[in-house]
Structure formats: structure tokens, C-alpha cells
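Engineer: Quick one, entry18.txt (compact mmCIF, C-alpha atoms):
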```txt
# COMPACT_ATOMS: atom_id res chain seq x y z
CA MET A 1 -48.39 -29.60 14.84
CA ALA A 2 -47.09 -28.67 18.23
CA ALA A 3 -43.80 -27.66 16.65
CA THR A 4 -45.55 -25.28 14.24
CA VAL A 5 -47.39 -23.56 17.04
CA THR A 6 -44.19 -23.06 19.03
CA SER A 7 -42.34 -21.67 16.02
CA THR A 8 -45.07 -19.09 15.31
CA ALA A 9 -44.92 -17.97 18.91
CA THR A 10 -41.12 -17.53 18.90
CA THR A 11 -41.16 -15.92 15.45
CA GLY A 12 -43.33 -13.20 16.87
CA LYS A 13 -40.74 -12.49 19.52
CA THR A 14 -37.74 -12.83 17.21
CA TRP A 15 -38.89 -10.36 14.58
CA ASP A 16 -40.48 -7.83 16.89
CA GLY A 17 -37.25 -5.91 17.16
CA GLY A 18 -35.03 -5.24 20.12
CA ASN A 19 -33.64 -8.73 19.75
CA GLU A 20 -29.92 -9.23 20.14
CA PRO A 21 -28.69 -12.46 18.61
CA MET A 22 -25.46 -13.71 20.15
CA GLY A 23 -25.77 -11.03 22.82
CA ALA A 24 -24.46 -8.22 20.65
CA SER A 25 -26.36 -5.25 19.23
CA TYR A 26 -27.07 -5.10 15.51
CA GLY A 27 -24.33 -2.56 14.79
CA LYS A 28 -21.68 -4.38 16.71
CA LEU A 29 -22.57 -7.71 15.14
CA MET A 30 -22.40 -6.23 11.65
CA MET A 31 -19.05 -4.60 12.46
CA TRP A 32 -17.74 -8.00 13.53
CA PHE A 33 -18.88 -9.68 10.35
CA PHE A 34 -17.52 -6.86 8.22
CA ILE A 35 -14.20 -7.30 9.98
CA MET A 36 -14.29 -11.02 9.37
CA SER A 37 -14.84 -10.59 5.63
CA ASP A 38 -12.19 -7.87 5.44
CA ALA A 39 -9.78 -10.12 7.31
CA LEU A 40 -10.36 -12.77 4.67
CA THR A 41 -9.66 -10.21 1.94
CA PHE A 42 -6.34 -9.34 3.51
CA SER A 43 -5.57 -13.02 4.01
CA GLY A 44 -6.20 -13.55 0.31
CA PHE A 45 -3.72 -10.79 -0.55
CA LEU A 46 -1.08 -12.02 1.87
CA ALA A 47 -1.53 -15.62 0.74
CA ALA A 48 -1.10 -14.50 -2.90
CA TYR A 49 2.06 -12.69 -1.82
CA GLY A 50 3.26 -15.87 -0.11
CA PHE A 51 2.47 -17.87 -3.24
CA SER A 52 4.53 -15.57 -5.48
CA ARG A 53 7.32 -15.47 -2.98
CA PHE A 54 7.53 -19.26 -2.75
CA LYS A 55 7.37 -19.44 -6.53
CA PHE A 56 10.47 -17.19 -6.81
CA ILE A 57 12.06 -18.11 -3.50
CA GLY A 58 15.53 -18.40 -5.06
CA THR A 59 15.58 -14.76 -6.20
CA TRP A 60 13.23 -12.87 -3.86
CA PRO A 61 14.62 -9.55 -2.47
CA ILE A 62 15.83 -9.48 1.14
CA ALA A 63 13.72 -6.96 3.08
CA ASP A 64 16.61 -5.83 5.30
CA GLU A 65 18.44 -4.59 2.22
CA VAL A 66 15.44 -2.73 0.86
CA PHE A 67 14.02 -0.88 3.85
CA THR A 68 17.07 0.70 5.41
CA HIS A 69 16.01 4.29 5.97
CA PHE A 70 15.41 6.17 9.19
CA PRO A 71 14.44 9.86 9.41
CA PHE A 72 17.36 12.29 9.85
CA MET A 73 19.88 9.47 9.48
CA HIS A 74 20.77 9.71 5.84
CA GLY A 75 23.20 7.12 4.57
CA VAL A 76 23.04 5.08 7.78
CA GLU A 77 21.91 1.51 7.29
CA ALA A 78 19.01 1.12 9.71
CA PRO A 79 16.94 -1.89 8.71
CA MET A 80 13.75 -2.59 10.61
CA TYR A 81 13.96 0.24 13.17
CA TYR A 82 11.60 2.50 11.30
CA VAL A 83 8.87 -0.08 10.73
CA ALA A 84 9.29 -1.20 14.32
CA LEU A 85 8.61 2.39 15.34
CA MET A 86 5.55 2.48 13.07
CA THR A 87 4.32 -0.73 14.67
CA PHE A 88 4.68 0.84 18.11
CA ILE A 89 2.79 3.93 17.03
CA LEU A 90 -0.09 1.81 15.77
CA ILE A 91 -0.14 -0.47 18.82
CA PHE A 92 -0.10 2.58 21.07
CA SER A 93 -2.97 4.18 19.19
CA SER A 94 -4.82 0.90 19.71
CA VAL A 95 -4.17 1.26 23.43
CA THR A 96 -5.56 4.82 23.52
CA MET A 97 -8.57 3.55 21.55
CA VAL A 98 -9.28 0.81 24.06
CA LEU A 99 -8.83 3.35 26.86
CA ALA A 100 -11.45 5.53 25.15
CA VAL A 101 -13.84 2.56 25.02
CA ASP A 102 -13.14 1.87 28.68
CA ALA A 103 -13.83 5.51 29.62
CA GLY A 104 -17.02 5.31 27.54
CA HIS A 105 -18.28 2.47 29.72
CA HIS A 106 -18.06 4.86 32.67
CA LEU A 107 -19.67 7.69 30.67
CA LYS A 108 -16.68 9.98 31.15
CA LYS A 109 -17.07 12.30 28.20
CA THR A 110 -13.85 14.32 28.55
CA LYS A 111 -11.71 11.22 28.95
CA VAL A 112 -13.28 9.59 25.88
CA ALA A 113 -12.63 12.75 23.86
CA VAL A 114 -8.99 13.00 24.94
CA TYR A 115 -8.24 9.36 24.19
CA MET A 116 -10.04 9.56 20.85
CA ALA A 117 -7.96 12.62 19.95
CA LEU A 118 -4.75 10.76 20.82
CA THR A 119 -5.86 7.84 18.68
CA ILE A 120 -6.46 10.17 15.75
CA VAL A 121 -3.03 11.74 16.18
CA GLY A 122 -1.46 8.27 16.25
CA GLY A 123 -3.32 7.35 13.08
CA PHE A 124 -2.09 10.46 11.28
CA ILE A 125 1.50 9.82 12.35
CA PHE A 126 1.22 6.27 11.06
CA VAL A 127 -0.21 7.31 7.69
CA GLY A 128 2.54 9.96 7.40
CA SER A 129 5.20 7.38 8.20
CA GLN A 130 3.83 5.11 5.55
CA ALA A 131 3.94 7.95 3.03
CA TRP A 132 7.60 8.53 3.92
CA GLU A 133 8.30 4.82 3.55
CA TRP A 134 6.69 4.88 0.09
CA LYS A 135 8.67 7.98 -0.86
CA ASN A 136 11.95 6.20 -0.12
CA PHE A 137 10.80 3.04 -1.84
CA ILE A 138 9.67 4.86 -4.99
CA GLY A 139 12.69 7.18 -5.09
CA GLY A 140 15.27 4.46 -4.57
CA GLU A 141 18.84 5.08 -3.53
CA PHE A 142 21.40 3.16 -5.57
CA GLY A 143 19.87 2.30 -8.91
CA ALA A 144 20.33 -0.98 -10.75
CA VAL A 145 20.28 -2.50 -14.21
CA GLU A 146 17.47 -4.72 -15.41
CA THR A 147 18.45 -7.45 -17.83
CA LYS A 148 16.60 -8.60 -20.93
CA GLY A 149 15.20 -11.48 -18.88
CA GLY A 150 13.84 -9.10 -16.23
CA ALA A 151 16.46 -9.90 -13.59
CA ILE A 152 18.03 -7.12 -11.54
CA LEU A 153 21.77 -6.50 -11.38
CA GLN A 154 22.89 -4.40 -8.42
CA PHE A 155 26.35 -2.97 -7.84
CA VAL A 156 28.60 -3.46 -4.83
CA ASN A 157 32.20 -2.68 -3.98
CA LYS A 158 34.82 -5.22 -2.92
CA GLU A 159 33.54 -5.11 0.68
CA GLY A 160 30.05 -6.00 -0.52
CA GLU A 161 28.59 -2.57 0.25
CA ARG A 162 26.11 -1.15 -2.23
CA VAL A 163 27.41 1.41 -4.73
CA ALA A 164 25.17 3.98 -6.38
CA VAL A 165 25.19 3.82 -10.16
CA ALA A 166 25.49 7.62 -10.29
CA ASP A 167 28.89 7.34 -8.54
CA PHE A 168 30.61 5.29 -11.21
CA ALA A 169 28.62 5.51 -14.45
CA ALA A 170 30.41 7.09 -17.40
CA HIS A 171 28.93 10.01 -19.29
CA LEU A 172 28.71 9.28 -22.98
CA PRO A 173 27.84 12.13 -25.32
CA THR A 174 24.44 11.65 -26.88
CA SER A 175 22.31 13.58 -29.30
CA ARG A 176 19.06 12.32 -27.79
CA VAL A 177 17.00 14.90 -25.93
CA ASP A 178 13.73 14.75 -24.04
CA LYS A 179 10.95 15.95 -26.32
CA THR A 180 7.64 17.38 -25.22
CA ARG A 181 4.49 18.17 -27.16
CA ALA A 182 5.65 21.76 -27.48
CA ASN A 183 8.52 20.59 -29.71
CA GLY A 184 6.49 19.49 -32.69
CA ILE A 185 3.09 19.40 -34.31
CA TRP A 186 2.93 15.63 -34.79
CA PHE A 187 4.75 14.60 -31.62
CA GLU A 188 2.36 13.01 -29.14
CA ASP A 189 4.29 11.32 -26.37
CA ALA A 190 7.45 9.36 -25.67
CA PRO A 191 8.90 7.80 -22.55
CA ALA A 192 11.28 10.11 -20.71
CA LEU A 193 14.96 9.41 -21.30
CA PRO A 194 16.58 7.39 -18.52
CA GLU A 195 19.10 9.09 -16.26
CA PHE A 196 21.77 6.72 -17.56
CA THR A 197 21.89 4.37 -20.49
CA VAL A 198 23.02 0.79 -20.02
CA GLN A 199 26.10 1.60 -22.14
CA GLU A 200 27.08 4.33 -19.70
CA VAL A 201 26.71 1.94 -16.77
CA ALA A 202 28.72 -0.72 -18.63
CA GLU A 203 31.51 1.76 -19.46
CA GLY A 204 31.57 2.91 -15.86
CA LEU A 205 31.79 -0.68 -14.68
CA LYS A 206 34.74 -1.34 -17.01
CA ALA A 207 36.55 1.78 -15.81
CA ASN A 208 36.10 1.03 -12.08
CA PRO A 209 37.84 -2.21 -11.07
CA ASP A 210 36.37 -2.01 -7.56
CA VAL A 211 32.77 -2.36 -8.67
CA LEU A 212 31.16 -5.80 -8.85
CA ILE A 213 27.71 -7.01 -9.80
CA ARG A 214 25.41 -8.58 -7.27
CA THR A 215 22.71 -10.85 -8.71
CA GLU A 216 19.23 -11.66 -7.45
CA HIS A 217 20.20 -15.25 -6.71
CA ILE A 218 20.48 -16.38 -3.12
CA ASN A 219 23.22 -18.77 -2.00
CA ALA A 220 23.19 -21.41 0.73
CA LYS A 221 24.00 -18.80 3.39
CA LYS A 222 20.94 -16.84 2.25
CA GLN A 223 22.90 -13.95 0.86
CA LYS A 224 22.73 -12.52 -2.63
CA ILE A 225 25.45 -13.93 -4.90
CA VAL A 226 28.16 -11.42 -5.88
CA LEU A 227 29.85 -12.10 -9.22
CA SER A 228 33.58 -11.96 -9.82
CA ARG A 229 35.02 -9.12 -11.87
CA GLU A 230 35.06 -11.15 -15.11
CA GLU A 231 31.55 -12.48 -14.55
CA SER A 232 30.36 -8.95 -13.82
CA LEU A 233 31.68 -7.61 -17.11
CA GLU A 234 29.98 -10.53 -18.85
CA ALA A 235 26.69 -10.08 -16.99
CA ILE A 236 26.31 -6.38 -17.78
CA LYS A 237 26.14 -7.28 -21.49
CA GLY A 238 22.65 -8.65 -20.85
CA GLY A 239 21.51 -5.30 -19.44
CA ALA A 240 18.45 -3.72 -21.01
CA LEU A 241 17.43 -0.85 -18.80
CA TYR A 242 18.70 1.37 -16.01
CA VAL A 243 16.22 1.34 -13.11
CA LYS A 244 16.12 3.63 -10.10
CA GLY A 245 13.53 3.30 -7.37
CA ALA A 246 10.30 1.45 -7.99
CA ASN A 247 7.06 1.61 -9.90
CA LEU A 248 4.57 -1.07 -10.89
CA GLU A 249 6.65 -2.16 -13.89
CA HIS A 250 10.25 -1.97 -12.76
CA ASN A 251 12.08 -1.74 -9.49
CA GLU A 252 15.71 -1.72 -8.47
CA TYR A 253 15.20 -4.11 -5.53
CA GLY A 254 14.61 -7.36 -7.35
CA HIS A 255 11.61 -9.25 -8.61
CA LYS A 256 8.88 -7.05 -10.10
CA LEU A 257 6.18 -8.75 -8.04
CA PHE A 258 7.93 -7.65 -4.86
CA ALA A 259 7.19 -3.98 -5.54
CA ASP A 260 3.73 -4.77 -6.89
CA PHE A 261 2.71 -6.60 -3.74
CA PHE A 262 4.35 -3.99 -1.56
CA PHE A 263 2.37 -1.18 -3.18
CA PHE A 264 -0.84 -3.17 -3.25
CA ILE A 265 -0.89 -4.58 0.27
CA THR A 266 0.62 -1.67 2.20
CA GLY A 267 -1.46 0.66 0.06
CA PHE A 268 -4.65 -1.19 0.85
CA HIS A 269 -3.73 -1.22 4.51
CA GLY A 270 -2.86 2.48 4.41
CA PHE A 271 -6.25 3.14 2.87
CA HIS A 272 -7.84 1.30 5.80
CA VAL A 273 -5.83 3.38 8.28
CA PHE A 274 -6.84 6.56 6.50
CA SER A 275 -10.54 5.70 6.46
CA GLY A 276 -10.19 4.64 10.10
CA VAL A 277 -8.83 8.07 10.96
CA ILE A 278 -11.73 9.74 9.15
CA ILE A 279 -14.29 7.58 10.96
CA ASN A 280 -12.51 8.26 14.25
CA ILE A 281 -12.73 12.01 13.59
CA ILE A 282 -16.48 11.75 12.96
CA ILE A 283 -17.01 9.81 16.19
CA PHE A 284 -14.70 12.21 18.04
CA LEU A 285 -16.87 15.15 16.92
CA ASN A 286 -19.98 13.28 18.05
CA VAL A 287 -18.37 12.75 21.45
CA ILE A 288 -17.57 16.46 21.68
CA TYR A 289 -21.13 17.42 20.69
CA GLY A 290 -22.43 15.13 23.42
CA THR A 291 -24.41 12.86 21.12
CA TYR A 292 -23.46 9.76 23.09
CA GLU A 293 -23.77 11.57 26.41
CA LYS A 294 -27.45 12.16 25.61
CA ARG A 295 -27.79 8.58 24.46
CA LYS A 296 -26.18 7.41 27.71
CA SER A 297 -24.22 4.91 25.65
CA TYR A 298 -20.82 5.13 24.05
CA GLU A 299 -21.29 2.01 22.00
CA MET A 300 -20.39 3.82 18.77
CA VAL A 301 -16.91 4.38 20.20
CA GLU A 302 -16.72 0.66 20.82
CA LYS A 303 -17.69 -0.11 17.22
CA VAL A 304 -15.11 2.17 15.61
CA GLY A 305 -12.71 0.81 18.20
CA LEU A 306 -13.25 -2.66 16.76
CA TYR A 307 -12.39 -1.37 13.30
CA TRP A 308 -9.32 0.45 14.55
CA HIS A 309 -8.00 -2.63 16.35
CA PHE A 310 -8.59 -4.61 13.20
CA VAL A 311 -6.37 -2.18 11.26
CA ASP A 312 -3.70 -2.71 13.90
CA LEU A 313 -4.18 -6.47 13.66
CA VAL A 314 -3.63 -6.42 9.90
CA TRP A 315 -0.49 -4.32 10.31
CA VAL A 316 0.94 -6.90 12.70
CA PHE A 317 0.74 -9.44 9.87
CA VAL A 318 1.97 -7.05 7.16
CA PHE A 319 4.93 -6.18 9.39
CA THR A 320 5.79 -9.85 9.80
CA PHE A 321 5.45 -10.90 6.19
CA PHE A 322 7.00 -7.88 4.49
CA TYR A 323 9.74 -6.91 6.89
CA LEU A 324 10.61 -9.80 9.19
CA VAL A 325 10.14 -13.05 7.31
CA MET B 1 -24.24 -3.58 24.96
CA SER B 2 -21.51 -6.01 25.68
CA HIS B 3 -22.35 -8.68 28.17
CA ASP B 4 -19.46 -8.74 30.54
CA THR B 5 -19.23 -12.11 32.14
CA HIS B 6 -17.40 -10.68 35.13
CA GLY B 7 -19.53 -7.96 36.70
CA HIS B 8 -20.73 -4.76 35.10
CA HIS B 9 -18.11 -2.62 33.36
CA GLU B 10 -15.44 -2.73 35.93
CA SER B 11 -12.42 -0.89 34.63
CA ASN B 12 -10.04 -2.97 32.54
CA LEU B 13 -7.13 -0.55 32.86
CA LYS B 14 -4.76 -3.07 34.37
CA ARG B 15 -5.50 -5.63 31.69
CA ILE B 16 -5.05 -3.02 28.92
CA TRP B 17 -1.60 -1.95 30.10
CA THR B 18 -0.51 -5.55 30.67
CA VAL B 19 -1.48 -6.44 27.11
CA PHE B 20 0.30 -3.35 25.81
CA GLY B 21 3.41 -4.52 27.69
CA ILE B 22 3.15 -8.00 26.20
CA LEU B 23 2.69 -6.67 22.65
CA SER B 24 5.64 -4.29 23.04
CA VAL B 25 7.95 -6.97 24.40
CA ILE B 26 7.01 -9.35 21.57
CA THR B 27 7.66 -6.62 18.97
CA ILE B 28 11.04 -5.79 20.52
CA VAL B 29 11.99 -9.48 20.55
CA GLU B 30 10.96 -9.79 16.90
CA VAL B 31 13.03 -6.77 15.90
CA ILE B 32 16.09 -8.00 17.81
CA PHE B 33 15.85 -11.42 16.16
CA GLY B 34 15.25 -9.75 12.80
CA ILE B 35 18.45 -7.73 13.13
CA VAL B 36 20.69 -10.37 14.70
CA LYS B 37 19.39 -13.27 12.59
CA PRO B 38 21.16 -16.02 14.56
CA ASP B 39 22.54 -18.62 12.14
CA ALA B 40 21.27 -21.50 14.27
CA LEU B 41 17.71 -20.41 13.52
CA PHE B 42 18.20 -18.67 10.19
CA LEU B 43 20.02 -21.46 8.37
CA ASN B 44 17.98 -24.41 9.63
CA SER B 45 14.58 -25.04 8.22
CA LEU B 46 11.51 -27.06 8.97
CA PHE B 47 9.03 -27.75 6.15
CA ARG B 48 10.90 -25.44 3.76
CA LEU B 49 10.61 -22.50 6.16
CA ASN B 50 13.53 -21.53 8.36
CA LEU B 51 13.20 -21.70 12.12
CA LEU B 52 13.52 -17.93 12.49
CA ASN B 53 10.47 -17.45 10.26
CA TRP B 54 8.55 -20.04 12.27
CA LEU B 55 9.40 -18.05 15.39
CA PHE B 56 8.20 -14.80 13.78
CA ILE B 57 4.95 -16.39 12.63
CA ILE B 58 4.22 -17.91 16.05
CA LEU B 59 4.93 -14.58 17.78
CA THR B 60 2.67 -12.82 15.28
CA VAL B 61 -0.17 -15.21 16.00
CA VAL B 62 0.35 -14.60 19.73
CA LYS B 63 0.11 -10.84 19.10
CA ALA B 64 -3.02 -11.34 17.01
CA TYR B 65 -4.51 -13.39 19.83
CA TYR B 66 -3.92 -10.61 22.36
CA ILE B 67 -5.27 -7.90 20.06
CA MET B 68 -8.45 -9.85 19.34
CA TRP B 69 -9.04 -11.22 22.81
CA ALA B 70 -8.11 -8.18 24.91
CA PHE B 71 -8.38 -5.06 22.72
CA MET B 72 -11.32 -6.17 20.60
CA HIS B 73 -12.65 -7.74 23.78
CA ILE B 74 -13.81 -10.90 22.11
CA GLU B 75 -13.08 -12.68 25.39
CA GLY B 76 -16.13 -10.90 26.87
CA GLU B 77 -18.52 -11.86 24.07
CA LYS B 78 -20.83 -14.87 24.12
CA SER B 79 -19.04 -17.95 22.89
CA SER B 80 -21.45 -18.27 19.93
CA LEU B 81 -20.32 -14.86 18.64
CA LYS B 82 -16.69 -15.50 19.52
CA TRP B 83 -16.46 -18.76 17.60
CA SER B 84 -18.60 -17.69 14.66
CA ILE B 85 -15.89 -15.06 14.07
CA VAL B 86 -12.75 -16.94 15.01
CA ALA B 87 -13.47 -20.44 13.70
CA PRO B 88 -14.13 -19.52 10.03
CA LEU B 89 -11.09 -17.25 10.02
CA VAL B 90 -8.78 -19.87 11.48
CA PHE B 91 -10.04 -22.60 9.19
CA LEU B 92 -10.17 -20.61 5.94
CA ILE B 93 -6.83 -18.84 6.43
CA ILE B 94 -4.95 -22.03 7.26
CA TYR B 95 -6.59 -23.80 4.33
CA LEU B 96 -5.87 -20.99 1.85
CA VAL B 97 -2.29 -20.47 2.95
CA PHE B 98 -1.65 -24.21 2.93
CA ILE B 99 -2.81 -24.82 -0.64
CA LEU B 100 -1.22 -21.66 -2.07
CA LEU B 101 2.18 -22.18 -0.48
CA ILE B 102 2.28 -25.83 -1.53
CA GLU B 103 1.42 -24.75 -5.06
CA GLY B 104 4.00 -21.94 -5.08
CA ASN B 105 6.64 -24.34 -3.87
CA TYR B 106 5.68 -26.83 -6.57
CA ILE B 107 5.98 -24.20 -9.31
CA PHE B 108 9.39 -23.20 -7.98
CA ASP B 109 10.48 -26.82 -8.29
CA VAL B 110 9.11 -27.01 -11.83
CA PHE B 111 11.11 -23.92 -12.84
CA HIS B 112 14.13 -25.19 -10.98
CA GLU B 113 14.19 -28.66 -12.51
CA SER B 114 13.08 -27.70 -15.98
CA GLN B 115 15.22 -27.64 -19.11
CA TYR B 116 14.55 -23.95 -19.56
CA LYS B 117 16.65 -21.66 -17.42
CA TRP B 118 16.03 -18.05 -16.53
CA ILE B 119 19.68 -17.13 -16.79
CA PHE B 120 19.59 -14.07 -19.00
```
Could the structure of this file be written out as C-alpha cells, please?
Structural biologist:
Amino acid sequence: MAATVTSTATTGKTWDGGNEPMGASYGKLMMWFFIMSDALTFSGFLAAYGFSRFKFIGTWPIADEVFTHFPFMHGVEAPMYYVALMTFILIFSSVTMVLAVDAGHHLKKTKVAVYMALTIVGGFIFVGSQAWEWKNFIGGEFGAVETKGGAILQFVNKEGERVAVADFAAHLPTSRVDKTRANGIWFEDAPALPEFTVQEVAEGLKANPDVLIRTEHINAKKQKIVLSREESLEAIKGGALYVKGANLEHNEYGHKLFADFFFFITGFHGFHVFSGVIINIIIFLNVIYGTYEKRKSYEMVEKVGLYWHFVDLVWVFVFTFFYLV
Amino acid sequence: MSHDTHGHHESNLKRIWTVFGILSVITIVEVIFGIVKPDALFLNSLFRLNLLNWLFIILTVVKAYYIMWAFMHIEGEKSSLKWSIVAPLVFLIIYLVFILLIEGNYIFDVFHESQYKWIF
């Protein structure tokens, strides 16, 4: 009986409002639990990526050979530098965000606004960098041949450097042309003709004794296995399709799932960055209008700050598992 | 409002820049190792994962710790809030990754040992 009486008394206090369980305001607590569930979503994606990668560990693409671009340095092999730069940009925008939160604690409106603006700029640069990264990934550089079994055959010279298919493929005369709906009454749609046919690549390979085929398979020294000249000429016979760049069905880098996971996970992260920038802009405008100055509390800045740091946190893991490991 | 355990809203500027320094140094170290790939680490493995990857994963967890503790300021929250966020994440992520990677590895072995070969 005594217990019942006590519980009624405390219930009155608990549900009267103004209560802060775990010492955090409602909004902040909900932001934390949103972040926790979102973190589990990303973990699910990354764990699925890890699963597929372990499943095809003998043929998985090597990230250093895929992401080699750096702005204004065309043709220079620069693995890692660009994503490292992107990581710095995001970490630095996290720093400006935390500086904004810190200035908010001291109710310094101008400082909060300046740091928020810098954070937004950092976010835009990051999203732009990711778009550039996608552009290179989708466009591709060298091209490759996909076999009937779905494996990728890439081309290298005797020194093991990659060779672009366009540099050695033969040009066979063909009567096939790209048709559009304007060409006929009954014609609906057909896939666009590939830049090269497999026959053209095969003829080019025969004519150029310096070109060898590099398979997806990884040897004991963790490098992709390069076939001998004879094996190369044999392997190209299994070719089914010329592939350049990447989409969700084919990619020139290796296993199909590699591109799928890349698009999905970096895309989902990029979407988070983009929405983070939008939310930051809204809060930035509120700071400028003096909403929080009147409220005498910059806690909203703190809440979007939590989200922004979370985006940075996820990138740290994406960086590790897509580019380093 | 956040309940700072140490005084009321003293400026954390020093802490912020220190953490930024730590995060930057870790990233630089990761990139250097990623480019050099020393054979001693790269070609030796522990539990089917090479030592270099173990290093990267440990450094990443260290970075995650600093981002959560310092930037997200979870170190200043009540321990009930802190652990109701961190404990489920740590447990569920380790559990999920553990079972999925074991399974992925098993399927690789099945493909690898099977009569059918993906050689075309």
C-alpha cells in the first residue's frame, strides 16, 4: 500500500512537464536516440558490405587501384590523397561546429553565426567532393571486359601499368547503328551500342603483343594476377561485354557488388551530409534572426551539432572500410 | 541544458583544438600506412584479417571515441545517458559484425572448396 501511495506522488511530478530524464532536455535526448538508431542502420550497411567482401575475398577490387584521381592532376596515380583531403574537410567542419556550440554557451551571437557559416561551407565542399568522386567512378578511365561468368578482365602492359581499351582496340566495320524512336513507327527502345565490341577488343589484344590481361584474382602477395600472353588470348574468348566506368549492373573495377555497395553507402552518407547542410542553414538563419538570442539559449545549435558530428563519425568508418582496409 | 560536471560552461577551446590535432595526426598516419603498406603488416594476418587492417580498425575506433566523447560531448552527460547510447551500440555492432563476417568467410570457403568453379 505504501508503495502505491509513493508511486502516485512521484507520477504527479514525473508527468507534470519540465522533467529532464537523464539530465538532458527532450530535444537533445531524442536527437541522441535518433543518432543511435541511425548509427545502427549504417552499421547494418557496413556489416553487409563486410559480409559480401568476405564472401568474395579472393576477387574483391583493391581500393588503391580504383580511387586514384586528384583534381587538376590528370593521369597521375594519386590513391588515397583525395579522400584523405575530404576527411580533413569534414573533420574541420566538425571543429567549427563544436566551436559554434562553445560560442553558443557564452551567448556570443556573431561568433556562433560565423562558425555556423564555416561549417556550412565545409559541408558544401564535402558534398561537392563526393560528387566529383562519383563522377570519376561512374565515368571510369580504362575500360574492361566482362566475361560470361561476370568476372572482369582488365588490361595492363608488360610493366603492369593499366592500359585503356580505347588505346589498343581495333575498329571493325559494322552495319549496326544506334536507333532511336524517331527511326521507326514500331521501334520502342533498345540498349545503346557499346563503344567497343568484345571482338574489337580481342582483335586489338591480338595485334598488340605488349598488352596482357589482369584478372580479378588475388595472389599470395595480395596483388591481382596478370596472365601470360597465351593465357590472355585464351581468356578474352570468354568475354561477353565491354564495360567502362560503373553503374548498378556492371563496373570495370571488379565484382558488381563493389560498385553497388559504394553507390549505396556513400550515397546514403552523402544524403546525410546534404540534409545536415540544409538543417545547418536553417539553424544559421535562426541565429542571424536572433531567435536563440531572445531565448537566451543556443541549445538548438548543440542539437544540430550532434547530428553533424554523427555524419563525420560515419564518414570516419566509411573512409576506413572503403578506402583503407 | 547540458550538465557540465566541471563548472558552468567554461570554454573548451583548448580541448577542441587538442582533439582536432589528435584526429588529424591519426588520419595522416592512416594515409601514410595506406600508401606505404609495409609488407610486415600487410602480408601477416590475425584471424583472417591482416595486421594493417587491424591497425586501421583500431585507429578508427580511437577516432570515433574522440568524436563522440569530445565533439559530441558525451563525456559531459550523465552516465545513464552516456551508457544507454554507447552500450547498445557497442554490443549490437560487435555482435552483428561478428556473425556476418563469420558467415561470409564460411560461404567463401564453401565456394572455394566446392566442385563447381567460377572460372569462366
Engineer: Please determine, counting all atoms listed in the file, which residue among A:Gly204, A:Gly27, A:Pro79, A:Pro173 has the shortest atom-to-atom distance to Phe155 of chain A.
Structural biologist: A:Gly204
Engineer: In terms of the shortest atom-to-atom distance over all atoms listed in the file, which of A:Gly150, A:Pro21, A:Pro71, A:Gly290 is closest to Gly239 of chain A?
Structural biologist: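 Closest to Gly239 of chain A of all the choices is A:Gly150.
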Engineer: Based on all atoms listed in the file, which of the residues in chain B come within 6 Å of chain A? I want them as a list in words.
Structural biologist: Gly34, Asn53, Met72, Leu81, Val97, Leu100, Leu101, Gly104, Asn105, Ile107, Phe108 and Phe120 of chain B
Engineer: So how far away is atom CA of Phe124 of chain A from atom CA of Ile89 of chain A, in Å?
Structural biologist: 10.0 Å
Engineer: Please indicate the distance in Å from atom CA of Ile288 of chain A to atom CA of Ala100 of chain A, rounded to one decimal place.
Structural biologist: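 Distance reported for this atom pair: 13.0 Å.
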Engineer: Work out how far atom CA of Leu241 of chain A is from atom CA of Thr197 of chain A, in Å to one decimal.
Structural biologist: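 These two atoms are separated by 7.1 Å.
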Engineer: Quick one: residues within 7 Å of segment 257-273 of chain A, only C-alpha atoms counted, chain neighbours fewer than 5 positions away excluded, as a count of residues only?
Structural biologist: 8
Engineer: So, counting only C-alpha atoms, which residue among B:Ile74, B:Ile94, B:Ile57, B:Leu13 is closest to Ile26 of chain B?
Structural biologist: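 For Ile26 of chain B, the nearest of the candidates is B:Ile57.
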Engineer: Hey, can I get the axis-aligned box for segment 93-110 of chain B? All listed atoms, 5 Å padding on each side, centre and edge lengths in Å to one decimal, as lines of an AutoDock Vina configuration file.
Structural biologist:
```
center_x = 1.8
center_y = -22.9
center_z = -2.3
size_x = 27.3
size_y = 18.2
size_z = 29.1
```
Engineer: Using all atoms listed in the file, determine which residues lie at most 10 Å from Asn219 of chain A, disregarding the query and same-chain residues fewer than 4 positions distant; provide the list as a list in words.
Structural biologist: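 Skipping anything fewer than 4 positions along the chain leaves Gly58, Thr59, Gln223, Lys224, Ile225 and Val226 of chain A.
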